[in-house]
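Heads up, coords_8.txt below (compact mmCIF, C-alpha atoms):
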```txt
# COMPACT_ATOMS: atom_id res chain seq x y z
CA MET Y 11 4.84 28.34 25.78
CA PHE Y 12 4.70 28.61 29.55
CA ASP Y 13 4.83 31.67 31.81
CA ALA Y 14 8.59 32.05 32.30
CA PHE Y 15 8.25 34.94 34.75
CA GLY Y 16 5.76 33.01 36.85
CA VAL Y 17 7.89 29.87 36.93
CA GLN Y 18 10.99 31.84 37.88
CA ARG Y 19 9.11 33.60 40.68
CA ARG Y 20 7.85 30.29 42.04
CA LEU Y 21 11.35 28.82 41.92
CA VAL Y 22 12.75 31.83 43.79
CA ASP Y 23 9.95 31.51 46.36
CA ARG Y 24 11.10 27.90 46.84
CA GLY Y 25 14.69 28.92 47.53
CA GLN Y 26 16.31 28.76 44.09
CA ALA Y 27 18.66 31.69 43.37
CA ILE Y 28 17.90 32.81 39.82
CA PRO Y 29 16.96 36.13 38.21
CA VAL Y 30 13.29 36.75 37.46
CA ASP Y 31 13.69 38.17 33.98
CA GLY Y 32 11.48 36.06 31.75
CA ASP Y 33 14.52 34.48 30.09
CA PHE Y 34 14.06 30.81 30.95
CA GLY Y 35 17.53 29.66 29.98
CA PRO Y 36 20.16 27.24 31.30
CA LYS Y 37 20.26 28.59 34.88
CA SER Y 38 16.47 28.53 35.18
CA TYR Y 39 16.28 24.98 33.89
CA ALA Y 40 19.05 23.93 36.29
CA ALA Y 41 17.14 25.51 39.17
CA LEU Y 42 14.02 23.64 38.10
CA LEU Y 43 15.93 20.36 38.15
CA ALA Y 44 17.26 21.19 41.62
CA TRP Y 45 13.72 21.92 42.85
CA VAL Y 46 12.37 18.66 41.45
CA ALA Y 47 15.27 16.79 43.06
CA ALA Y 48 14.59 18.59 46.39
CA LYS Y 49 18.04 20.20 46.41
CA PRO Y 50 18.79 23.78 47.58
CA GLY Y 51 20.62 24.51 44.36
CA PRO Y 52 21.86 22.83 41.18
CA SER Y 53 24.88 20.56 41.06
CA ALA Y 54 27.49 20.80 38.31
CA LEU Y 55 25.71 18.02 36.42
CA MET Y 56 22.36 19.82 36.77
CA LEU Y 57 23.94 22.97 35.35
CA SER Y 58 25.16 20.97 32.35
CA PHE Y 59 21.73 19.39 31.95
CA GLY Y 60 20.16 22.85 32.23
CA THR Y 61 22.23 24.11 29.33
CA ALA Y 62 21.20 21.09 27.26
CA CYS Y 63 17.51 21.50 28.21
CA ALA Y 64 17.56 25.09 26.96
CA ARG Y 65 19.08 23.88 23.69
CA TYR Y 66 17.15 20.71 22.93
CA PHE Y 67 13.71 21.13 24.51
CA PRO Y 68 12.65 23.79 21.95
CA GLN Y 69 14.03 21.66 19.09
CA ASN Y 70 11.70 18.84 20.16
CA ALA Y 71 8.62 20.96 20.94
CA ILE Y 72 9.02 20.34 24.67
CA THR Y 73 7.87 23.87 25.36
CA SER Y 74 4.60 23.71 27.30
CA ALA Y 75 4.47 23.46 31.08
CA LEU Y 76 3.02 19.94 30.92
CA ARG Y 77 5.56 18.68 28.39
CA ILE Y 78 8.48 20.06 30.38
CA ALA Y 79 7.06 18.74 33.66
CA HIS Y 80 6.57 15.21 32.32
CA ASN Y 81 9.94 15.07 30.57
CA ILE Y 82 11.81 16.25 33.65
CA ALA Y 83 9.83 13.94 35.96
CA GLN Y 84 10.73 10.90 33.88
CA ALA Y 85 14.38 11.96 33.72
CA ALA Y 86 14.50 12.55 37.48
CA VAL Y 87 13.90 8.85 38.08
CA GLU Y 88 16.00 7.63 35.15
CA THR Y 89 19.03 9.67 36.30
CA TRP Y 90 18.64 9.24 40.06
CA ASN Y 91 17.56 12.86 40.52
CA PHE Y 92 19.96 14.17 37.89
CA SER Y 93 23.00 12.71 39.65
CA ARG Y 94 24.14 10.07 37.13
CA THR Y 95 24.39 9.55 33.40
CA SER Y 96 25.04 5.78 33.58
CA GLU Y 97 22.74 3.06 34.87
CA ASN Y 98 23.40 1.94 38.44
CA LEU Y 99 22.95 -1.82 38.85
CA ASN Y 100 23.73 -1.78 42.55
CA TYR Y 101 20.68 -3.85 43.58
CA SER Y 102 20.02 -6.09 46.52
CA PRO Y 103 18.60 -9.52 45.61
CA ALA Y 104 15.12 -8.32 46.55
CA GLY Y 105 15.66 -5.15 44.50
CA LEU Y 106 16.59 -7.18 41.44
CA ILE Y 107 13.40 -9.22 41.65
CA ALA Y 108 11.26 -6.13 42.31
CA THR Y 109 12.79 -4.20 39.42
CA PHE Y 110 13.14 -6.85 36.73
CA GLY Y 111 10.72 -9.56 37.81
CA PRO Y 112 11.18 -13.30 38.23
CA GLN Y 113 10.70 -13.85 34.50
CA ARG Y 114 14.00 -12.07 33.80
CA ILE Y 115 16.05 -13.04 36.84
CA SER Y 116 15.56 -16.04 39.10
CA SER Y 117 15.77 -15.92 42.88
CA ALA Y 118 18.96 -17.98 42.70
CA ASP Y 119 20.61 -15.58 40.25
CA ALA Y 120 19.42 -12.59 42.27
CA GLU Y 121 21.03 -14.01 45.41
CA ARG Y 122 24.23 -14.83 43.52
CA LEU Y 123 24.60 -11.51 41.70
CA GLY Y 124 22.85 -8.98 43.94
CA ARG Y 125 24.46 -6.94 46.71
CA HIS Y 126 25.75 -9.25 49.40
CA PRO Y 127 25.56 -8.52 53.14
CA GLY Y 128 28.39 -6.15 54.08
CA GLU Y 129 28.87 -4.84 50.53
CA LEU Y 130 28.31 -1.15 49.87
CA THR Y 131 27.98 -1.74 46.15
CA VAL Y 132 27.83 -4.63 43.72
CA PRO Y 133 31.26 -5.09 42.07
CA ILE Y 134 31.44 -4.14 38.40
CA ASP Y 135 31.87 -7.71 37.20
CA ARG Y 136 28.61 -8.72 38.86
CA GLN Y 137 26.85 -5.58 37.63
CA ALA Y 138 27.89 -6.60 34.12
CA ALA Y 139 26.55 -10.10 34.71
CA ILE Y 140 23.25 -8.62 35.93
CA ALA Y 141 22.93 -6.44 32.83
CA ASN Y 142 23.74 -9.28 30.46
CA LEU Y 143 21.14 -11.45 32.17
CA VAL Y 144 18.21 -9.03 32.55
CA TYR Y 145 18.79 -7.32 29.18
CA GLY Y 146 19.74 -10.50 27.33
CA GLY Y 147 18.08 -13.73 26.24
CA VAL Y 148 14.71 -13.72 24.53
CA TYR Y 149 13.64 -10.49 26.25
CA GLY Y 150 16.75 -8.63 25.14
CA ARG Y 151 16.56 -9.91 21.59
CA LEU Y 152 12.88 -9.09 21.09
CA ASN Y 153 12.66 -5.82 23.04
CA LEU Y 154 16.12 -4.28 22.90
CA GLY Y 155 17.81 -5.74 19.85
CA ASN Y 156 20.55 -7.27 21.99
CA THR Y 157 22.08 -10.23 20.21
CA ALA Y 158 25.65 -10.62 21.50
CA PRO Y 159 26.24 -12.11 24.97
CA ALA Y 160 27.68 -8.85 26.34
CA ASP Y 161 25.17 -6.48 24.72
CA GLY Y 162 23.21 -6.07 27.95
CA TRP Y 163 26.18 -4.44 29.68
CA THR Y 164 27.55 -2.71 26.59
CA TYR Y 165 24.20 -1.04 25.89
CA ARG Y 166 23.02 -0.51 29.47
CA GLY Y 167 21.18 2.68 30.34
CA ARG Y 168 22.98 5.94 29.63
CA GLY Y 169 22.08 9.59 29.32
CA TRP Y 170 19.03 11.70 30.17
CA LYS Y 171 16.58 8.96 29.22
CA GLN Y 172 18.88 6.08 30.19
CA LEU Y 173 18.77 4.79 26.63
CA THR Y 174 19.02 0.99 26.78
CA GLY Y 175 19.61 -1.72 24.19
CA ARG Y 176 21.56 -2.06 20.95
CA ALA Y 177 18.50 -1.27 18.81
CA ASN Y 178 17.86 2.04 20.60
CA TYR Y 179 21.52 3.01 20.36
CA ALA Y 180 21.41 2.19 16.63
CA ARG Y 181 18.31 4.37 16.13
CA ILE Y 182 19.97 7.31 17.83
CA ALA Y 183 23.15 6.73 15.81
CA ALA Y 184 21.10 6.86 12.60
CA ILE Y 185 19.43 10.15 13.61
CA THR Y 186 22.45 11.94 15.04
CA ARG Y 187 25.24 10.39 12.93
CA LEU Y 188 27.11 9.91 16.20
CA PRO Y 189 28.90 6.54 16.51
CA VAL Y 190 27.15 5.57 19.75
CA VAL Y 191 26.93 1.90 18.78
CA ALA Y 192 30.71 1.66 18.52
CA GLN Y 193 31.25 4.20 21.32
CA PRO Y 194 28.28 3.95 23.70
CA ASP Y 195 30.01 6.05 26.36
CA LEU Y 196 29.41 9.10 24.18
CA LEU Y 197 25.98 9.20 25.80
CA LEU Y 198 27.57 9.84 29.20
CA ASP Y 199 28.19 13.42 28.07
CA PRO Y 200 25.27 15.48 29.46
CA ASP Y 201 24.72 17.37 26.21
CA THR Y 202 24.84 14.28 23.98
CA GLY Y 203 22.85 12.18 26.43
CA LEU Y 204 20.08 14.75 26.76
CA ARG Y 205 19.96 15.32 23.02
CA ALA Y 206 19.53 11.56 22.51
CA GLY Y 207 16.85 11.45 25.20
CA CYS Y 208 14.88 14.21 23.50
CA LEU Y 209 15.15 12.49 20.13
CA PHE Y 210 13.83 9.27 21.69
CA TRP Y 211 11.00 11.31 23.23
CA THR Y 212 10.04 12.79 19.86
CA ALA Y 213 10.41 9.54 17.90
CA ASN Y 214 8.09 7.78 20.35
CA GLY Y 215 5.37 10.42 20.41
CA CYS Y 216 5.89 11.25 24.08
CA ASN Y 217 4.58 14.81 23.79
CA ALA Y 218 1.09 13.41 23.18
CA PHE Y 219 1.21 11.49 26.47
CA ALA Y 220 2.39 14.63 28.27
CA ASP Y 221 -0.38 16.72 26.69
CA ALA Y 222 -2.91 14.19 28.01
CA ASP Y 223 -1.20 14.23 31.43
CA ASP Y 224 -0.93 10.44 31.06
CA ILE Y 225 1.97 9.42 33.25
CA ILE Y 226 1.05 5.72 33.06
CA GLY Y 227 1.22 5.57 29.27
CA LEU Y 228 4.29 7.79 29.21
CA THR Y 229 6.15 5.66 31.76
CA ARG Y 230 5.44 2.53 29.73
CA LYS Y 231 6.78 4.26 26.64
CA VAL Y 232 9.93 5.57 28.36
CA ASN Y 233 10.67 2.69 30.71
CA GLY Y 234 9.08 -0.29 28.98
CA GLY Y 235 7.10 -0.96 32.17
CA LEU Y 236 6.05 0.87 35.30
CA ASN Y 237 9.28 0.69 37.29
CA GLY Y 238 9.57 3.63 39.69
CA LEU Y 239 6.03 4.85 38.97
CA THR Y 240 5.53 6.21 42.50
CA GLU Y 241 8.78 8.17 42.27
CA ARG Y 242 7.84 9.46 38.80
CA GLN Y 243 4.48 10.65 40.11
CA ALA Y 244 6.17 12.44 43.02
CA ALA Y 245 8.68 14.11 40.69
CA LEU Y 246 5.85 15.18 38.37
CA ALA Y 247 3.95 16.71 41.28
CA ARG Y 248 7.01 18.76 42.28
CA ALA Y 249 7.59 19.86 38.68
CA LYS Y 250 3.99 20.98 38.38
CA LEU Y 251 4.26 23.05 41.57
CA ALA Y 252 6.88 25.18 39.81
CA LEU Y 253 5.63 25.05 36.24
CA LEU Y 254 1.89 25.39 36.61
CA PRO Y 255 0.11 28.40 38.20
```
Is it possible to give me this structure as structure tokens?
Amino acid sequence: MFDAFGVQRRLVDRGQAIPVDGDFGPKSYAALLAWVAAKPGPSALMLSFGTACARYFPQNAITSALRIAHNIAQAAVETWNFSRTSENLNYSPAGLIATFGPQRISSADAERLGRHPGELTVPIDRQAAIANLVYGGVYGRLNLGNTAPADGWTYRGRGWKQLTGRANYARIAAITRLPVVAQPDLLLDPDTGLRAGCLFWTANGCNAFADADDIIGLTRKVNGGLNGLTERQAALARAKLALLP
């Protein structure tokens, strides 16, 4: 376990309004998320995530300072600083290439599907086309279990971990008995999405990477690559400032 009093005191010193009572519950977790996201206080979604953290972290042995720090740092990037529970495919053409690589999306497709000049966001129909392209084909079949043409969009990232791919949804369905394959939007619920993220974490041995302070190996396990590594490292550093003495 970590020093709950010490973490609460450090969060208060950094502007988070929580009691220093040694009870590191939902409000303390929400304040920790706000600190990592560089916000003065938790949003409504962070409060919901905080309640789920207090419930599911202990169930998955995410109880040491390092384990909590690494889990939260990964989720900070996956959820856009705890602001979304569904994947945002609002990429510029250059962003598509940088994120997914030329092996999964060509320059021509990136220009056709990415955010056009003057657009604030990529329309949903093009976001769906992006997902079906980058999470489909040989890559999607071998790495994500996506077999139907629309599986990329249907099983795009959702929840705390941004669970992606039919195969991962099926694994979580088997563990939780929740019908997330038939109803993937169930993972948009903060409680269900965080529970699924913690189960993925446990099933993939992520605590061992956290114990070794191995953010490279952990990012590969969570993300399938090293997308957003710089942001993950920055989020981890902020988490450690609060969690470690």
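Take atom CA of Y:Asp195 and atom CA of Y:Lys171: the distance between them is 14.0 Å.
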field: Test item: which residues lie within 10 Å of (6.7, 19.0, 23.9) counting all atoms listed in the file, as a PyMOL selection string
entry: chain Y and resi 11+67-81+208+211-212+215-221
query: Which residue, Y:Arg20, Y:Ser102, Y:Ala85, Y:Asn237, has the smallest gap to Y:Pro127 when you use all atoms listed in the file?
result: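 Using all atoms listed in the file, Y:Pro127 sits closest to Y:Ser102.
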- prompt: Which of these residues is nearest to Y:Lys250, using only C-alpha atoms: Y:Pro50, Y:Gly147, Y:Tyr179, Y:Leu42?
  reply: Y:Leu42
- request: Counting all atoms listed in the file, figure out which residue out of Y:Asp119, Y:Trp90, Y:Ala252, Y:Tyr101 gets nearest to Y:Asp23.
  value: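 Closest residue, counting all atoms listed in the file: Y:Ala252.
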- request: Can you pull out every residue within 10 Å of Y:Gln84, counting all atoms listed in the file, but drop anything in the same chain fewer than 4 positions away, and send it as a list in words?
  value: Ala79, His80, Glu88, Thr89, Asn91, Trp170, Lys171, Ile225, Leu228, Thr229, Val232, Asn233, Gly238, Leu239, Glu241, Arg242, Gln243, Ala245 and Leu246 of chain Y
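The closest residue to Y:Ile28, picked from Y:Ala249, Y:Ala44, Y:Ala104, Y:Leu55 and counting all atoms listed in the file, is Y:Ala44.
Closest approach to Y:Ser96 from the set Y:Asp223, Y:Ala244, Y:Gly234, Y:Leu173 is made by Y:Leu173, with distances taken over only C-alpha atoms.
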- prompt: What is the distance between atom CA of Y:Leu198 and atom CA of Y:Thr95, in Å to one decimal?
  reply: 5.3 Å
message: Residues within 9 Å of (23.8, 20.8, 33.9), file coordinates, counting all atoms listed in the file: what are they? Give the list as a VMD selection string.
response: chain Y and resid 36 to 37 39 to 40 43 52 to 63 92 200 to 201
query: Hey, which of Y:Gly235, Y:Asn178, Y:Gly169, Y:Arg24 ends up closest to Y:Gly203? Count all atoms listed in the file.
result: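 Result for the nearest residue to Y:Gly203: Y:Gly169.
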Output requested as an mmCIF file, in the coordinates of the input - stretch 63-86 of chain Y, filled out with N, CA, C and O atoms.
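Result went into part-v8.cif, see below:
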```cif
data_model
loop_
_atom_site.group_PDB
_atom_site.id
_atom_site.type_symbol
_atom_site.label_atom_id
_atom_site.label_comp_id
_atom_site.auth_asym_id
_atom_site.auth_seq_id
_atom_site.Cartn_x
_atom_site.Cartn_y
_atom_site.Cartn_z
ATOM 1 N N CYS Y 63 18.967 21.323 28.262
ATOM 2 C CA CYS Y 63 17.510 21.500 28.210
ATOM 3 C C CYS Y 63 17.149 22.740 27.396
ATOM 4 O O CYS Y 63 16.246 22.709 26.546
ATOM 5 N N ALA Y 64 17.849 23.843 27.684
ATOM 6 C CA ALA Y 64 17.560 25.090 26.960
ATOM 7 C C ALA Y 64 17.827 24.944 25.470
ATOM 8 O O ALA Y 64 17.175 25.595 24.647
ATOM 9 N N ARG Y 65 18.736 24.069 25.106
ATOM 10 C CA ARG Y 65 19.080 23.880 23.690
ATOM 11 C C ARG Y 65 18.129 22.918 22.996
ATOM 12 O O ARG Y 65 17.667 23.195 21.877
ATOM 13 N N TYR Y 66 17.836 21.786 23.640
ATOM 14 C CA TYR Y 66 17.150 20.710 22.930
ATOM 15 C C TYR Y 66 15.649 20.610 23.191
ATOM 16 O O TYR Y 66 14.943 20.017 22.385
ATOM 17 N N PHE Y 67 15.156 21.161 24.291
ATOM 18 C CA PHE Y 67 13.710 21.130 24.510
ATOM 19 C C PHE Y 67 12.974 21.869 23.380
ATOM 20 O O PHE Y 67 12.033 21.319 22.795
ATOM 21 N N PRO Y 68 13.363 23.104 23.031
ATOM 22 C CA PRO Y 68 12.650 23.790 21.950
ATOM 23 C C PRO Y 68 12.736 23.043 20.616
ATOM 24 O O PRO Y 68 11.775 23.051 19.828
ATOM 25 N N GLN Y 69 13.869 22.393 20.350
ATOM 26 C CA GLN Y 69 14.030 21.660 19.090
ATOM 27 C C GLN Y 69 13.072 20.477 18.996
ATOM 28 O O GLN Y 69 12.807 19.979 17.895
ATOM 29 N N ASN Y 70 12.578 20.014 20.139
ATOM 30 C CA ASN Y 70 11.700 18.840 20.160
ATOM 31 C C ASN Y 70 10.296 19.185 20.663
ATOM 32 O O ASN Y 70 9.558 18.300 21.095
ATOM 33 N N ALA Y 71 9.948 20.473 20.570
ATOM 34 C CA ALA Y 71 8.620 20.960 20.940
ATOM 35 C C ALA Y 71 8.265 20.648 22.389
ATOM 36 O O ALA Y 71 7.089 20.532 22.734
ATOM 37 N N ILE Y 72 9.268 20.528 23.240
ATOM 38 C CA ILE Y 72 9.020 20.340 24.670
ATOM 39 C C ILE Y 72 9.015 21.734 25.276
ATOM 40 O O ILE Y 72 9.984 22.185 25.905
ATOM 41 N N THR Y 73 7.917 22.452 25.039
ATOM 42 C CA THR Y 73 7.870 23.870 25.360
ATOM 43 C C THR Y 73 6.683 24.277 26.221
ATOM 44 O O THR Y 73 6.646 25.407 26.707
ATOM 45 N N SER Y 74 5.719 23.387 26.409
ATOM 46 C CA SER Y 74 4.600 23.710 27.300
ATOM 47 C C SER Y 74 4.945 23.266 28.718
ATOM 48 O O SER Y 74 5.829 22.429 28.941
ATOM 49 N N ALA Y 75 4.221 23.818 29.682
ATOM 50 C CA ALA Y 75 4.470 23.460 31.080
ATOM 51 C C ALA Y 75 4.291 21.959 31.304
ATOM 52 O O ALA Y 75 5.113 21.318 31.983
ATOM 53 N N LEU Y 76 3.253 21.368 30.719
ATOM 54 C CA LEU Y 76 3.020 19.940 30.920
ATOM 55 C C LEU Y 76 4.102 19.091 30.265
ATOM 56 O O LEU Y 76 4.561 18.099 30.842
ATOM 57 N N ARG Y 77 4.514 19.458 29.078
ATOM 58 C CA ARG Y 77 5.560 18.680 28.390
ATOM 59 C C ARG Y 77 6.877 18.740 29.156
ATOM 60 O O ARG Y 77 7.550 17.716 29.329
ATOM 61 N N ILE Y 78 7.240 19.925 29.605
ATOM 62 C CA ILE Y 78 8.480 20.060 30.380
ATOM 63 C C ILE Y 78 8.370 19.296 31.685
ATOM 64 O O ILE Y 78 9.303 18.579 32.079
ATOM 65 N N ALA Y 79 7.242 19.417 32.370
ATOM 66 C CA ALA Y 79 7.060 18.740 33.660
ATOM 67 C C ALA Y 79 7.185 17.229 33.505
ATOM 68 O O ALA Y 79 7.875 16.564 34.293
ATOM 69 N N HIS Y 80 6.525 16.666 32.503
ATOM 70 C CA HIS Y 80 6.570 15.210 32.320
ATOM 71 C C HIS Y 80 7.953 14.741 31.893
ATOM 72 O O HIS Y 80 8.427 13.698 32.361
ATOM 73 N N ASN Y 81 8.601 15.490 31.007
ATOM 74 C CA ASN Y 81 9.940 15.070 30.570
ATOM 75 C C ASN Y 81 10.903 15.072 31.754
ATOM 76 O O ASN Y 81 11.642 14.097 31.967
ATOM 77 N N ILE Y 82 10.891 16.132 32.528
ATOM 78 C CA ILE Y 82 11.810 16.250 33.650
ATOM 79 C C ILE Y 82 11.483 15.205 34.728
ATOM 80 O O ILE Y 82 12.396 14.635 35.342
ATOM 81 N N ALA Y 83 10.204 14.938 34.953
ATOM 82 C CA ALA Y 83 9.830 13.940 35.960
ATOM 83 C C ALA Y 83 10.334 12.553 35.581
ATOM 84 O O ALA Y 83 10.835 11.806 36.432
ATOM 85 N N GLN Y 84 10.214 12.193 34.317
ATOM 86 C CA GLN Y 84 10.730 10.900 33.880
ATOM 87 C C GLN Y 84 12.253 10.852 34.035
ATOM 88 O O GLN Y 84 12.820 9.871 34.532
ATOM 89 N N ALA Y 85 12.923 11.931 33.630
ATOM 90 C CA ALA Y 85 14.380 11.960 33.720
ATOM 91 C C ALA Y 85 14.861 11.943 35.163
ATOM 92 O O ALA Y 85 15.929 11.388 35.458
ATOM 93 N N ALA Y 86 14.096 12.540 36.067
ATOM 94 C CA ALA Y 86 14.500 12.550 37.480
ATOM 95 C C ALA Y 86 14.695 11.141 38.001
ATOM 96 O O ALA Y 86 15.653 10.859 38.730
#
```
